[in-house]
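In what follows, a structure is listed as structure tokens, so that the remarks can point back to it.
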Amino acid sequence: MHYALNFRTFFYSHYFSLGLRFAAGLVGVTLITLQFADMAVAMTVCIGALCTALMDMPSPLRHKFNEMSASVLLCSAVTLLISLCAPFHWLLMAMLVVVSFGACMMVVYGKKSMPLQLATLFIMTMSMEHDMTARESFIHTGLFTLGAVAYLAYAMGISWLLRHRIKQQVLAEALFELAAYIDIKADFYDTRYNLTEQFNKLIRHQSLLADRQQASRDLILRSHQNEKDAIVVQVHVCMLDLYELILSTHTDYAQLRAHLVDSPVLKTLHDLAYKAARDIESVAYDVTRKKASYAEISYEPELEAIEAELAAIQQRIDDGKPQQEALAVLRAQRNKIRAIIKMIGELHQASQKIYDTTPFWADADMGPFLSQQKYELRMILSHLRWDSPIFRFSLRVAMAISAGLVVGAWLPYAAHSYWIVLTIVIILKPSFSMTKQRRRDRIVGTVIGCVLTALIIKFLNYPAFILGALILSTVAMPTFVYLRYRYAAVAVSVMILLQMYLIAPGNENLIMERLVDTIVGAAVATAFSFVLANWEYQTLPRLVRQVLDVNLSYMQASFDLLQGKSKDDFAYRIERKRLMDSLAALSSALVRMLDEPSSKQRAVEDINLFIVQNYLLVAHVAALRAILRRHTKELPVGPVHAMLEQSHDQVVQILEHALDPDRADIEPLMTPMAPDANAVPWSGWPLVQRRIRLLQADAVKIITHREAILRDVS
């Protein structure tokens, strides 16, 4: 279950805070307006505030101001344009299509632009029903802009006052997702779970974790000028270091299961991972409550059980039983787990006090770690081509809205075409997968919302109760819109239907008409989801090449760090982030493709294995780094660096071959030419050799899966 759906943590999450902030601003603006004007004026001002509120998300203050200001200007312009065109039916229809197309083209600016697109289309649909003179249109737009500016000022003021609190909440969310990631890894030790399915689940969660970590970076690493900010920065950096250690715990789980299937140590390893996840959750929970975190979980019973099992395996080896490999793997896992436990302890300490230095970001440019906000017209112009998925999406929405208007005009009752159009706008998304999910949630949520509203009007029709239901639904809508859209659909249906009932209480068919309009809009959106569709398999070649490009850069930075050529790990951290982001993008595309018709699915198994192999390269590098750190004092620098140099050349050659399949065949995979394990008196030598062999072997497998993907896609 998502942490924010847990009653214990829900009220501390930024989702709930967003809902309260949203509702307080909306209700406050409306009530203040009612002191000076009638309900019609108050509703216009309220809709202006609502459109701006859609952009009220956790974001750096400068970015938030830019995003919300763009919403104020764009939505005000659309309000005026549509209001002026409303008296002329043919011109209104043309403008609706043009505005829909332009709003959807804004998707080129990424996920942050999606709420802006929705706000633009929302106010377009709200304005299309008004029949005003030119003077009334300007007055209406002025009132709308007044509400929008009022909410902008309110949101910026609240965000400035709560800027540190928002950082804490976003950081805590990243920590909760990291704990969920460890829970998935814990089940690798449970023989009831299929290893392949677990790996698939792990890779899927990787995409979500990368998104949450990026949100944390964007807020925390941009500014850290006071003592409170210093603590969240410390916790954030410690979290990233802990994440790398968790990556390094990947091992040969099949071998562990085969050799230790009858041993209780597998359950012990599972319990250790489970405890580590709960320990991280305790840090996250304390961060949300603005408290220092202290360790309360003891790992000693499990660690002692592992030591006992290691001694038992060693005894069996002494008795002549062949379990040397199992001993090496279990011992390596023991060492990594101890390192993770130590790092979790440092995570607790990071929340308790401010340290003198934080070398990770000292005098460094944080730009490569942060999301960049660029809204340039040339980005839209560059996508005005037939093969652009965004251009095709924009055409698809414009055509669907045109069809929705036509269907609305044919309905036998006094239909509100704007509700049909609004349903189309909400459901129809750039990908078929998103459209499918949003359609299901919208229909189910609307049905439940209509039923709840009917019950309230029939049995609980008291002003105080209706007002309470309105406020509750206003809080719930933004709270769940990014968490569980189905709940948000229920809330928004109740909120709008009750508002319409208060404005026009005599309409007995209000709820049924809205339900029919929703079903009609959903049917139109579904039909047009197949028109000019952009199927996920069409983007696979680009995403695969992007992963290989970034992985090559990551390997260069990794081996420079492992060989001591870099003075710090700054470049390595940048490339690791870029690789994880590219893998998350490919993984997300795979998940979306699985929701598409089976005839549009390509190379599913090979894509999954390709992601896994690239993920394993990161895990092997993290493991090598952990080994070299653990043996710093006894490290034989010369032989190790020679082996790393040769393995670096070979891995780079493999990845370059994967990028350019026309190159000559790579040399046969060889064990690095380095001194024999027995010739180097260092206990870590076999571990390093084994990891490098695994690294090379998994790099070679990348080529096979890459070729299979491109073959199936073509």
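Within each chain, counting starts at residue 1; across the structure tokens, chains are named A, B, ... in the order shown, with ligands numbered 1 upward in that order.
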
- Residue set, segment 497-690 of chain A restricted to helix (DSSP H, G or I), as a ChimeraX atom specification: /A:497-503,510-528,536-562,570-594,598-600,604-630,637-659,677-679,685-690

- Message: as a PyMOL selection string, please: the residues near segment 538-548 of chain A (cut-off 10 Å, only C-alpha atoms, same-chain neighbours under 3 positions excluded).
- Response: chain A and resi 389+534-535+551-554+578-587+589-590+600+602-603+607+610-611+614+655-656+658-660+702-703+706+709-710+713-714

- Message: My list of candidates is A:Arg278, A:Arg711, A:Arg257, A:Lys342. Which is closest to Leu195 of chain A when distances are computed with only C-alpha atoms?
- Response: A:Arg257

- Excluding same-chain residues fewer than 2 positions from Val700 of chain A, what lies within 12 Å of it counting only C-alpha atoms, as number ranges by chain? A: 610, 613-614, 616-617, 650-658, 665-670, 693-698, 702-707

- Check the smallest atom-to-atom distance from each of A:His620, A:Lys64, A:His14, A:Lys374 to Leu247 of chain A using only C-alpha atoms, then report the winner.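 When distances to Leu247 of chain A are compared using only C-alpha atoms, the smallest one comes from A:His620.
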